[in-house]
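Structure file coords_21.cif with mmCIF, C-alpha atoms; chains and numbers go by the auth columns:
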```cif
data_my_file
#
loop_
_atom_site.group_PDB
_atom_site.id
_atom_site.type_symbol
_atom_site.label_atom_id
_atom_site.label_comp_id
_atom_site.label_asym_id
_atom_site.label_seq_id
_atom_site.Cartn_x
_atom_site.Cartn_y
_atom_site.Cartn_z
_atom_site.B_iso_or_equiv
_atom_site.auth_seq_id
_atom_site.auth_asym_id
ATOM 1 C CA MET A 1 7.321 40.459 78.902 0.00 1 C
ATOM 2 C CA GLN A 2 10.841 39.381 78.039 0.00 2 C
ATOM 3 C CA LYS A 3 11.134 35.697 77.201 0.00 3 C
ATOM 4 C CA THR A 4 13.598 33.628 79.205 0.00 4 C
ATOM 5 C CA PRO A 5 16.352 31.660 77.428 0.00 5 C
ATOM 6 C CA LYS A 6 14.470 28.423 78.123 0.00 6 C
ATOM 7 C CA LYS A 7 11.311 29.741 76.498 0.00 7 C
ATOM 8 C CA LEU A 8 13.236 30.992 73.490 0.00 8 C
ATOM 9 C CA PHE A 9 14.808 27.568 73.011 0.00 9 C
ATOM 10 C CA MET A 10 11.364 25.939 73.228 0.00 10 C
ATOM 11 C CA LEU A 11 10.006 28.337 70.615 0.00 11 C
ATOM 12 C CA SER A 12 12.974 27.599 68.343 0.00 12 C
ATOM 13 C CA ALA A 13 12.463 23.863 68.719 0.00 13 C
ATOM 14 C CA LEU A 14 8.769 24.138 67.922 0.00 14 C
ATOM 15 C CA ALA A 15 9.447 26.287 64.892 0.00 15 C
ATOM 16 C CA LEU A 16 12.076 23.878 63.627 0.00 16 C
ATOM 17 C CA SER A 17 9.858 20.840 64.087 0.00 17 C
ATOM 18 C CA ALA A 18 7.264 22.534 61.874 0.00 18 C
ATOM 19 C CA SER A 19 9.714 23.449 59.116 0.00 19 C
ATOM 20 C CA VAL A 20 12.301 20.648 58.948 0.00 20 C
ATOM 21 C CA ILE A 21 12.104 18.432 55.907 0.00 21 C
ATOM 22 C CA SER A 22 12.448 14.759 56.739 0.00 22 C
ATOM 23 C CA THR A 23 15.903 13.407 55.933 0.00 23 C
ATOM 24 C CA SER A 24 14.834 9.764 55.868 0.00 24 C
ATOM 25 C CA ALA A 25 14.387 9.695 52.087 0.00 25 C
ATOM 26 C CA ILE A 26 17.376 11.876 51.205 0.00 26 C
ATOM 27 C CA SER A 27 20.223 10.528 49.124 0.00 27 C
ATOM 28 C CA ALA A 28 23.342 12.177 47.748 0.00 28 C
ATOM 29 C CA THR A 29 24.212 12.107 44.094 0.00 29 C
ATOM 30 C CA SER A 30 27.852 13.000 44.630 0.00 30 C
ATOM 31 C CA TYR A 31 30.364 13.973 47.263 0.00 31 C
ATOM 32 C CA ALA A 32 34.103 14.344 47.510 0.00 32 C
ATOM 33 C CA ASN A 33 36.788 15.600 49.839 0.00 33 C
ATOM 34 C CA ASP A 34 36.323 19.013 48.216 0.00 34 C
ATOM 35 C CA GLY A 35 33.108 18.846 46.288 0.00 35 C
ATOM 36 C CA VAL A 36 29.337 18.899 46.389 0.00 36 C
ATOM 37 C CA ILE A 37 26.567 16.827 47.911 0.00 37 C
ATOM 38 C CA THR A 38 23.046 17.137 46.553 0.00 38 C
ATOM 39 C CA ASP A 39 20.116 17.009 48.949 0.00 39 C
ATOM 40 C CA GLU A 40 17.555 15.727 46.466 0.00 40 C
ATOM 41 C CA SER A 41 14.530 16.333 48.682 0.00 41 C
ATOM 42 C CA ARG A 42 15.268 20.066 48.636 0.00 42 C
ATOM 43 C CA ASN A 43 16.990 20.139 45.235 0.00 43 C
ATOM 44 C CA ARG A 44 19.858 21.776 47.079 0.00 44 C
ATOM 45 C CA THR A 45 23.563 21.509 46.331 0.00 45 C
ATOM 46 C CA ILE A 46 25.871 21.738 49.347 0.00 46 C
ATOM 47 C CA ALA A 47 29.544 22.510 48.845 0.00 47 C
ATOM 48 C CA ILE A 48 31.713 20.773 51.435 0.00 48 C
ATOM 49 C CA ASN A 49 35.384 20.251 52.170 0.00 49 C
ATOM 50 C CA ILE A 50 36.249 17.133 54.143 0.00 50 C
ATOM 51 C CA THR A 51 39.667 16.895 55.762 0.00 51 C
ATOM 52 C CA LEU A 52 40.964 13.769 57.432 0.00 52 C
ATOM 53 C CA PRO A 53 42.887 13.506 60.705 0.00 53 C
ATOM 54 C CA SER A 54 46.646 13.552 60.773 0.00 54 C
ATOM 55 C CA ASN A 55 48.297 10.301 59.751 0.00 55 C
ATOM 56 C CA ASN A 56 49.021 9.236 63.317 0.00 56 C
ATOM 57 C CA ALA A 57 45.309 9.041 64.165 0.00 57 C
ATOM 58 C CA LYS A 58 44.048 5.469 64.501 0.00 58 C
ATOM 59 C CA CYS A 59 40.358 5.591 63.621 0.00 59 C
ATOM 60 C CA THR A 60 38.391 2.368 63.233 0.00 60 C
ATOM 61 C CA ALA A 61 34.783 1.261 63.390 0.00 61 C
ATOM 62 C CA GLN A 62 35.590 -0.160 66.839 0.00 62 C
ATOM 63 C CA ALA A 63 37.463 2.935 68.078 0.00 63 C
ATOM 64 C CA LYS A 64 35.881 5.842 66.297 0.00 64 C
ATOM 65 C CA CYS A 65 37.445 9.288 66.023 0.00 65 C
ATOM 66 C CA SER A 66 35.598 12.549 66.536 0.00 66 C
ATOM 67 C CA VAL A 67 33.816 14.698 63.944 0.00 67 C
ATOM 68 C CA ALA A 68 33.730 18.489 63.687 0.00 68 C
ATOM 69 C CA PHE A 69 31.531 20.572 61.405 0.00 69 C
ATOM 70 C CA ILE A 70 32.851 24.019 60.440 0.00 70 C
ATOM 71 C CA ASN A 71 30.173 26.606 59.682 0.00 71 C
ATOM 72 C CA ALA A 72 31.364 29.819 58.040 0.00 72 C
ATOM 73 C CA GLY A 73 30.308 33.356 58.729 0.00 73 C
ATOM 74 C CA TYR A 74 27.846 34.891 56.289 0.00 74 C
ATOM 75 C CA GLY A 75 29.616 35.875 53.075 0.00 75 C
ATOM 76 C CA ILE A 76 32.846 34.057 53.969 0.00 76 C
ATOM 77 C CA SER A 77 34.049 30.926 52.165 0.00 77 C
ATOM 78 C CA HIS A 78 33.570 27.649 53.985 0.00 78 C
ATOM 79 C CA ASN A 79 37.269 27.077 53.281 0.00 79 C
ATOM 80 C CA GLY A 80 38.238 30.202 55.208 0.00 80 C
ATOM 81 C CA TYR A 81 38.871 28.529 58.585 0.00 81 C
ATOM 82 C CA THR A 82 41.869 26.292 57.970 0.00 82 C
ATOM 83 C CA PHE A 83 43.374 27.329 61.323 0.00 83 C
ATOM 84 C CA ALA A 84 40.433 25.550 62.954 0.00 84 C
ATOM 85 C CA SER A 85 40.387 22.499 60.683 0.00 85 C
ATOM 86 C CA ASN A 86 44.137 22.076 61.263 0.00 86 C
ATOM 87 C CA ALA A 87 43.610 22.177 65.029 0.00 87 C
ATOM 88 C CA PHE A 88 40.930 19.514 64.754 0.00 88 C
ATOM 89 C CA ASN A 89 42.830 17.313 62.291 0.00 89 C
ATOM 90 C CA GLN A 90 45.941 17.332 64.478 0.00 90 C
ATOM 91 C CA ARG A 91 43.807 15.983 67.322 0.00 91 C
ATOM 92 C CA GLY A 92 42.240 13.129 65.403 0.00 92 C
ATOM 93 C CA TYR A 93 39.073 14.801 64.133 0.00 93 C
ATOM 94 C CA LEU A 94 37.424 14.413 60.766 0.00 94 C
ATOM 95 C CA THR A 95 36.296 17.903 59.718 0.00 95 C
ATOM 96 C CA ILE A 96 33.510 18.893 57.332 0.00 96 C
ATOM 97 C CA ALA A 97 33.480 22.538 56.255 0.00 97 C
ATOM 98 C CA VAL A 98 30.024 23.468 54.982 0.00 98 C
ATOM 99 C CA ALA A 99 28.908 26.208 52.573 0.00 99 C
ATOM 100 C CA HIS A 100 25.434 27.059 53.837 0.00 100 C
ATOM 101 C CA GLU A 101 24.466 29.832 51.421 0.00 101 C
ATOM 102 C CA LEU A 102 23.386 29.587 47.780 0.00 102 C
ATOM 103 C CA LYS A 103 22.992 32.548 45.418 0.00 103 C
ATOM 104 C CA SER A 104 19.299 31.674 45.165 0.00 104 C
ATOM 105 C CA ASP A 105 18.772 31.974 48.936 0.00 105 C
ATOM 106 C CA PRO A 106 17.168 35.103 50.384 0.00 106 C
ATOM 107 C CA ASP A 107 19.632 37.625 51.757 0.00 107 C
ATOM 108 C CA LEU A 108 20.254 37.472 55.477 0.00 108 C
ATOM 109 C CA ASN A 109 17.525 39.545 57.096 0.00 109 C
ATOM 110 C CA ARG A 110 18.751 42.824 58.591 0.00 110 C
ATOM 111 C CA GLU A 111 15.584 43.626 60.560 0.00 111 C
ATOM 112 C CA GLN A 112 15.040 42.878 64.227 0.00 112 C
ATOM 113 C CA PRO A 113 14.070 40.870 66.162 0.00 113 C
ATOM 114 C CA TYR A 114 16.666 38.515 64.725 0.00 114 C
ATOM 115 C CA LEU A 115 15.406 35.513 66.670 0.00 115 C
ATOM 116 C CA THR A 116 12.366 35.751 64.408 0.00 116 C
ATOM 117 C CA THR A 117 13.618 37.305 61.178 0.00 117 C
ATOM 118 C CA ARG A 118 16.710 35.083 60.799 0.00 118 C
ATOM 119 C CA MET A 119 15.206 31.849 62.029 0.00 119 C
ATOM 120 C CA GLU A 120 14.505 30.679 58.467 0.00 120 C
ATOM 121 C CA ASN A 121 18.205 30.980 57.601 0.00 121 C
ATOM 122 C CA TRP A 122 19.314 29.168 60.756 0.00 122 C
ATOM 123 C CA HIS A 123 16.711 26.438 60.306 0.00 123 C
ATOM 124 C CA ARG A 124 17.925 25.849 56.765 0.00 124 C
ATOM 125 C CA GLY A 125 21.458 25.469 58.135 0.00 125 C
ATOM 126 C CA VAL A 126 20.304 23.008 60.782 0.00 126 C
ATOM 127 C CA VAL A 127 18.495 20.921 58.146 0.00 127 C
ATOM 128 C CA THR A 128 21.660 20.918 56.039 0.00 128 C
ATOM 129 C CA LEU A 129 23.784 19.738 58.965 0.00 129 C
ATOM 130 C CA LYS A 130 21.277 17.020 59.837 0.00 130 C
ATOM 131 C CA PHE A 131 21.304 15.829 56.237 0.00 131 C
ATOM 132 C CA LEU A 132 25.102 15.705 56.202 0.00 132 C
ATOM 133 C CA VAL A 133 25.211 13.775 59.478 0.00 133 C
ATOM 134 C CA ASN A 134 22.817 11.175 58.093 0.00 134 C
ATOM 135 C CA GLU A 135 24.570 10.947 54.747 0.00 135 C
ATOM 136 C CA LEU A 136 28.221 10.962 55.802 0.00 136 C
ATOM 137 C CA SER A 137 27.893 8.721 58.857 0.00 137 C
ATOM 138 C CA SER A 138 27.226 5.797 56.530 0.00 138 C
ATOM 139 C CA LYS A 139 30.296 6.635 54.429 0.00 139 C
ATOM 140 C CA TYR A 140 32.819 7.345 57.194 0.00 140 C
ATOM 141 C CA LEU A 141 32.319 4.400 59.522 0.00 141 C
ATOM 142 C CA ALA A 142 35.497 5.060 61.528 0.00 142 C
ATOM 143 C CA TYR A 143 34.117 8.358 62.841 0.00 143 C
ATOM 144 C CA ASP A 144 31.580 9.125 65.543 0.00 144 C
ATOM 145 C CA PHE A 145 28.675 11.203 64.251 0.00 145 C
ATOM 146 C CA THR A 146 26.674 10.751 67.450 0.00 146 C
ATOM 147 C CA LYS A 147 28.650 13.260 69.567 0.00 147 C
ATOM 148 C CA LEU A 148 29.488 16.135 67.272 0.00 148 C
ATOM 149 C CA THR A 149 31.691 19.157 67.660 0.00 149 C
ATOM 150 C CA LEU A 150 30.176 22.215 65.984 0.00 150 C
ATOM 151 C CA PHE A 151 32.381 25.170 65.087 0.00 151 C
ATOM 152 C CA GLY A 152 30.960 28.379 63.679 0.00 152 C
ATOM 153 C CA HIS A 153 31.730 32.035 63.056 0.00 153 C
ATOM 154 C CA SER A 154 29.050 34.723 63.310 0.00 154 C
ATOM 155 C CA ASN A 155 25.941 33.425 61.496 0.00 155 C
ATOM 156 C CA GLY A 156 27.607 30.013 61.282 0.00 156 C
ATOM 157 C CA GLY A 157 27.914 30.133 65.048 0.00 157 C
ATOM 158 C CA ASP A 158 24.198 30.894 65.347 0.00 158 C
ATOM 159 C CA ILE A 159 23.475 27.824 63.212 0.00 159 C
ATOM 160 C CA SER A 160 25.798 25.728 65.391 0.00 160 C
ATOM 161 C CA VAL A 161 24.166 26.903 68.606 0.00 161 C
ATOM 162 C CA LEU A 162 20.660 26.292 67.271 0.00 162 C
ATOM 163 C CA TYR A 163 21.614 22.756 66.213 0.00 163 C
ATOM 164 C CA GLY A 164 22.970 22.079 69.686 0.00 164 C
ATOM 165 C CA SER A 165 19.749 23.397 71.217 0.00 165 C
ATOM 166 C CA ILE A 166 17.514 21.278 68.984 0.00 166 C
ATOM 167 C CA TYR A 167 19.630 18.111 69.085 0.00 167 C
ATOM 168 C CA PRO A 168 21.453 18.296 72.445 0.00 168 C
ATOM 169 C CA ASN A 169 22.010 14.542 72.660 0.00 169 C
ATOM 170 C CA GLU A 170 23.969 14.593 69.395 0.00 170 C
ATOM 171 C CA VAL A 171 26.401 17.363 70.349 0.00 171 C
ATOM 172 C CA SER A 172 29.289 17.246 72.810 0.00 172 C
ATOM 173 C CA THR A 173 31.089 20.509 72.021 0.00 173 C
ATOM 174 C CA ILE A 174 30.339 23.897 70.471 0.00 174 C
ATOM 175 C CA ILE A 175 32.950 26.497 69.561 0.00 175 C
ATOM 176 C CA THR A 176 31.850 29.868 68.228 0.00 176 C
ATOM 177 C CA LEU A 177 33.647 32.946 66.987 0.00 177 C
ATOM 178 C CA ASP A 178 31.584 35.967 67.998 0.00 178 C
ATOM 179 C CA HIS A 179 28.126 34.631 67.167 0.00 179 C
ATOM 180 C CA ARG A 180 25.718 37.267 68.437 0.00 180 C
ATOM 181 C CA ARG A 181 22.086 36.189 68.066 0.00 181 C
ATOM 182 C CA MET A 182 21.241 32.646 69.196 0.00 182 C
ATOM 183 C CA LEU A 183 21.397 31.832 72.895 0.00 183 C
ATOM 184 C CA ILE A 184 24.179 29.510 74.039 0.00 184 C
ATOM 185 C CA PRO A 185 22.643 26.246 75.343 0.00 185 C
ATOM 186 C CA ARG A 186 22.500 26.069 79.105 0.00 186 C
ATOM 187 C CA ASN A 187 23.295 22.357 79.102 0.00 187 C
ATOM 188 C CA LYS A 188 25.687 20.592 81.465 0.00 188 C
ATOM 189 C CA ASN A 189 26.484 17.960 78.841 0.00 189 C
ATOM 190 C CA ILE A 190 27.683 20.377 76.121 0.00 190 C
ATOM 191 C CA ARG A 191 31.066 22.071 76.478 0.00 191 C
ATOM 192 C CA VAL A 192 31.126 25.523 74.908 0.00 192 C
ATOM 193 C CA LEU A 193 33.905 27.928 74.001 0.00 193 C
ATOM 194 C CA THR A 194 32.942 31.291 72.555 0.00 194 C
ATOM 195 C CA LEU A 195 35.601 33.787 71.490 0.00 195 C
ATOM 196 C CA ARG A 196 34.244 37.304 71.502 0.00 196 C
ATOM 197 C CA GLY A 197 35.193 40.189 69.245 0.00 197 C
ATOM 198 C CA SER A 198 35.528 43.593 70.848 0.00 198 C
ATOM 199 C CA ASP A 199 33.613 45.757 68.362 0.00 199 C
ATOM 200 C CA TYR A 200 30.000 44.515 68.660 0.00 200 C
ATOM 201 C CA PRO A 201 27.983 43.301 71.652 0.00 201 C
ATOM 202 C CA ALA A 202 25.952 40.108 71.667 0.00 202 C
ATOM 203 C CA ASP A 203 22.174 40.309 71.919 0.00 203 C
ATOM 204 C CA ALA A 204 20.420 39.903 75.263 0.00 204 C
ATOM 205 C CA ASN A 205 20.781 36.476 76.917 0.00 205 C
ATOM 206 C CA VAL A 206 23.113 35.117 74.213 0.00 206 C
ATOM 207 C CA LEU A 207 26.002 34.894 76.679 0.00 207 C
ATOM 208 C CA LEU A 208 25.883 33.452 80.178 0.00 208 C
ATOM 209 C CA ASN A 209 25.913 35.621 83.268 0.00 209 C
ATOM 210 C CA ASP A 210 28.309 34.965 86.144 0.00 210 C
ATOM 211 C CA SER A 211 25.836 32.765 87.991 0.00 211 C
ATOM 212 C CA GLU A 212 25.226 30.624 84.897 0.00 212 C
ATOM 213 C CA LEU A 213 28.937 30.338 84.194 0.00 213 C
ATOM 214 C CA ASN A 214 29.297 28.646 87.584 0.00 214 C
ATOM 215 C CA LYS A 215 26.710 26.026 86.600 0.00 215 C
ATOM 216 C CA PHE A 216 27.511 25.168 82.990 0.00 216 C
ATOM 217 C CA PRO A 217 30.715 24.140 81.120 0.00 217 C
ATOM 218 C CA VAL A 218 30.909 27.359 79.118 0.00 218 C
ATOM 219 C CA THR A 219 34.033 29.463 78.530 0.00 219 C
ATOM 220 C CA GLN A 220 33.603 33.030 77.258 0.00 220 C
ATOM 221 C CA ILE A 221 36.767 34.863 76.190 0.00 221 C
ATOM 222 C CA MET A 222 36.894 38.459 74.990 0.00 222 C
ATOM 223 C CA ILE A 223 39.794 39.123 72.619 0.00 223 C
ATOM 224 C CA GLU A 224 40.743 42.762 72.991 0.00 224 C
ATOM 225 C CA LYS A 225 41.104 44.833 69.792 0.00 225 C
ATOM 226 C CA SER A 226 39.630 42.020 67.686 0.00 226 C
ATOM 227 C CA HIS A 227 37.028 42.729 65.022 0.00 227 C
ATOM 228 C CA HIS A 228 34.040 40.536 64.268 0.00 228 C
ATOM 229 C CA ASN A 229 34.685 40.444 60.516 0.00 229 C
ATOM 230 C CA ASP A 230 38.360 39.505 60.968 0.00 230 C
ATOM 231 C CA MET A 231 37.779 36.239 62.815 0.00 231 C
ATOM 232 C CA TYR A 232 38.794 33.900 59.983 0.00 232 C
ATOM 233 C CA ASP A 233 41.929 32.975 58.023 0.00 233 C
ATOM 234 C CA GLY A 234 41.952 36.376 56.345 0.00 234 C
ATOM 235 C CA GLY A 235 42.205 38.305 59.608 0.00 235 C
ATOM 236 C CA PRO A 236 45.440 39.725 61.018 0.00 236 C
ATOM 237 C CA LYS A 237 48.054 37.130 61.889 0.00 237 C
ATOM 238 C CA TRP A 238 48.060 37.967 65.593 0.00 238 C
ATOM 239 C CA LEU A 239 44.310 37.312 65.755 0.00 239 C
ATOM 240 C CA VAL A 240 44.449 34.050 63.804 0.00 240 C
ATOM 241 C CA ASP A 241 47.293 32.894 66.071 0.00 241 C
ATOM 242 C CA ARG A 242 45.328 33.851 69.180 0.00 242 C
ATOM 243 C CA MET A 243 42.186 32.049 68.007 0.00 243 C
ATOM 244 C CA SER A 244 44.243 28.967 67.139 0.00 244 C
ATOM 245 C CA LYS A 245 45.797 28.997 70.604 0.00 245 C
ATOM 246 C CA GLU A 246 42.435 29.303 72.358 0.00 246 C
ATOM 247 C CA VAL A 247 40.792 26.584 70.277 0.00 247 C
ATOM 248 C CA GLU A 248 43.727 24.207 70.713 0.00 248 C
ATOM 249 C CA GLY A 249 43.863 24.819 74.456 0.00 249 C
ATOM 250 C CA PHE A 250 40.137 24.207 74.793 0.00 250 C
ATOM 251 C CA LEU A 251 40.309 20.949 72.846 0.00 251 C
ATOM 252 C CA ASP A 252 43.332 19.789 74.831 0.00 252 C
ATOM 253 C CA SER A 253 41.526 20.475 78.119 0.00 253 C
ATOM 254 C CA LYS A 254 38.760 18.002 77.260 0.00 254 C
ATOM 255 C CA ASN A 255 38.452 15.371 79.953 0.00 255 C
#
```

Turn the structure described in the file into structure tokens.
Amino acid sequence: MQKTPKKLFMLSALALSASVISTSAISATSYANDGVITDESRNRTIAINITLPSNNAKCTAQAKCSVAFINAGYGISHNGYTFASNAFNQRGYLTIAVAHELKSDPDLNREQPYLTTRMENWHRGVVTLKFLVNELSSKYLAYDFTKLTLFGHSNGGDISVLYGSIYPNEVSTIITLDHRRMLIPRNKNIRVLTLRGSDYPADANVLLNDSELNKFPVTQIMIEKSHHNDMYDGGPKWLVDRMSKEVEGFLDSKN
């Protein structure tokens, strides 16, 4: 029997609760605008690039600005999405681009069903994001880490979507570039934009059907003649410009 999206989310949550390492005792040995944080509990180094909002943003502990995490596609540099970080920075966001993969990590599993075989990779990404939220929120007091925006391409989009499914009360917005495996949250409190490449289909139930699109704040846009692997800074200029336009328009439409 095919599992419903709700059941799949419940299974993911249960699996994560069994595998997540507590972040309560984690401390960072170092971090910088473009540097590395060490998650000592996992002996894991995390390369990050933090970019601040444009100079006209007025962010204070009393009037906090928004936070966006940028999660790269598998095999692509975490610094390969400057079109997105620029869009966020110009609108008053602090952005944190995250390198999720280490050379010592297992390769991304190529066997189906991906909701099982890749869950370890996605869980590891969720744990990393949770660690960064806990660590950086105490360092950047003028920014709101309680209502995150998660941006991700491909596997980074799957990580973003899983985080939003596990921690829905901590996420306000999700933007993905052609993620194809994890189901988009059916949650009326999370705005979602997903830009779809034209060369590969998403797995079953990842995207919303017409009935669901009438119920939830989800926007699904197919970009004709776009390729999954080109949806980053290194893609053709017309595609980068189009993605920038869609992301900016979506952010500007926020109520």

Residues matched by the PyMOL selection byres ((chain C and resi 173) around 7) as JSON, numbers by chain: {"C": [148, 149, 150, 171, 172, 174, 175, 190, 191, 192]}

Would you save the residues from that selection as a PDB file, keeping the file's coordinate frame, using C-alpha atoms?
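Output below, filename selection09.pdb:
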```
ATOM      1  CA  LEU C 148      29.488  16.135  67.272  1.00  0.00           C
ATOM      2  CA  THR C 149      31.691  19.157  67.660  1.00  0.00           C
ATOM      3  CA  LEU C 150      30.176  22.215  65.984  1.00  0.00           C
ATOM      4  CA  VAL C 171      26.401  17.363  70.349  1.00  0.00           C
ATOM      5  CA  SER C 172      29.289  17.246  72.810  1.00  0.00           C
ATOM      6  CA  ILE C 174      30.339  23.897  70.471  1.00  0.00           C
ATOM      7  CA  ILE C 175      32.950  26.497  69.561  1.00  0.00           C
ATOM      8  CA  ILE C 190      27.683  20.377  76.121  1.00  0.00           C
ATOM      9  CA  ARG C 191      31.066  22.071  76.478  1.00  0.00           C
ATOM     10  CA  VAL C 192      31.126  25.523  74.908  1.00  0.00           C
TER      11      VAL C 192
END
```

As lines of an AutoDock Vina configuration file: centre and edge lengths in Å, one decimal, of the axis-aligned box holding segment 132-150 of chain C with 6 Å per side:
```
center_x = 29.2
center_y = 13.3
center_z = 62.0
size_x = 24.7
size_y = 29.8
size_z = 27.1
```

What does the distance between atom CA of Glu120 of chain C and atom CA of Val161 of chain C come to in Å, to one decimal place? 14.5 Å

Tell me which of C:Phe216, C:Trp238, C:Trp122, C:Tyr163 sits closest to Phe151 of chain C, counting all atoms listed in the file. C:Tyr163

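Nearest-residue note for Leu136 of chain C: choosing from C:Asn189, C:Asn229, C:Ala57, C:Phe69, the minimum distance belongs to C:Phe69, counting all atoms listed in the file.
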
Find the distance between atom CA of Asp233 of chain C and atom CA of Asn89 of chain C and write it in Å to one decimal. 16.3 Å

I'd like the neighbourhood of segment 98-113 of chain C as a VMD selection string, where a residue qualifies if any of its atoms comes within 12 Å (using only C-alpha atoms), though same-chain residues fewer than 6 positions away should be ignored. chain C and resid 33 to 37 43 to 51 68 to 81 85 119 to 133 150 to 153 155 to 157 159 to 160 181 to 182 203 to 204

Apply the PyMOL selection byres ((chain C and resi 52) around 12) to the structure shown and report the selected residues as an MDAnalysis selection string. chainID C and resid 33:34 49:51 53:59 65:68 85:97 140 142:143

Take the residues from that selection and write them out as an mmCIF file, in the frame of the given file, keeping C-alpha atoms.
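Resulting contents of again_6.cif:
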```
data_model
loop_
_atom_site.group_PDB
_atom_site.id
_atom_site.type_symbol
_atom_site.label_atom_id
_atom_site.label_comp_id
_atom_site.auth_asym_id
_atom_site.auth_seq_id
_atom_site.Cartn_x
_atom_site.Cartn_y
_atom_site.Cartn_z
ATOM 1 C CA ASN C 33 36.788 15.600 49.839
ATOM 2 C CA ASP C 34 36.323 19.013 48.216
ATOM 3 C CA ASN C 49 35.384 20.251 52.170
ATOM 4 C CA ILE C 50 36.249 17.133 54.143
ATOM 5 C CA THR C 51 39.667 16.895 55.762
ATOM 6 C CA PRO C 53 42.887 13.506 60.705
ATOM 7 C CA SER C 54 46.646 13.552 60.773
ATOM 8 C CA ASN C 55 48.297 10.301 59.751
ATOM 9 C CA ASN C 56 49.021 9.236 63.317
ATOM 10 C CA ALA C 57 45.309 9.041 64.165
ATOM 11 C CA LYS C 58 44.048 5.469 64.501
ATOM 12 C CA CYS C 59 40.358 5.591 63.621
ATOM 13 C CA CYS C 65 37.445 9.288 66.023
ATOM 14 C CA SER C 66 35.598 12.549 66.536
ATOM 15 C CA VAL C 67 33.816 14.698 63.944
ATOM 16 C CA ALA C 68 33.730 18.489 63.687
ATOM 17 C CA SER C 85 40.387 22.499 60.683
ATOM 18 C CA ASN C 86 44.137 22.076 61.263
ATOM 19 C CA ALA C 87 43.610 22.177 65.029
ATOM 20 C CA PHE C 88 40.930 19.514 64.754
ATOM 21 C CA ASN C 89 42.830 17.313 62.291
ATOM 22 C CA GLN C 90 45.941 17.332 64.478
ATOM 23 C CA ARG C 91 43.807 15.983 67.322
ATOM 24 C CA GLY C 92 42.240 13.129 65.403
ATOM 25 C CA TYR C 93 39.073 14.801 64.133
ATOM 26 C CA LEU C 94 37.424 14.413 60.766
ATOM 27 C CA THR C 95 36.296 17.903 59.718
ATOM 28 C CA ILE C 96 33.510 18.893 57.332
ATOM 29 C CA ALA C 97 33.480 22.538 56.255
ATOM 30 C CA TYR C 140 32.819 7.345 57.194
ATOM 31 C CA ALA C 142 35.497 5.060 61.528
ATOM 32 C CA TYR C 143 34.117 8.358 62.841
#
```

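Here atom CA of Leu162 of chain C and atom CA of Arg196 of chain C stand 18.0 Å from one another.
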
When the PyMOL selection byres ((chain C and resi 195) around 12) is applied to the structure above, which residues does it catch, written out as a PyMOL selection string? chain C and resi 151-154+157+174-180+192-194+196-198+202+207+218-224+226-228+231-232+239-240+242-247+250
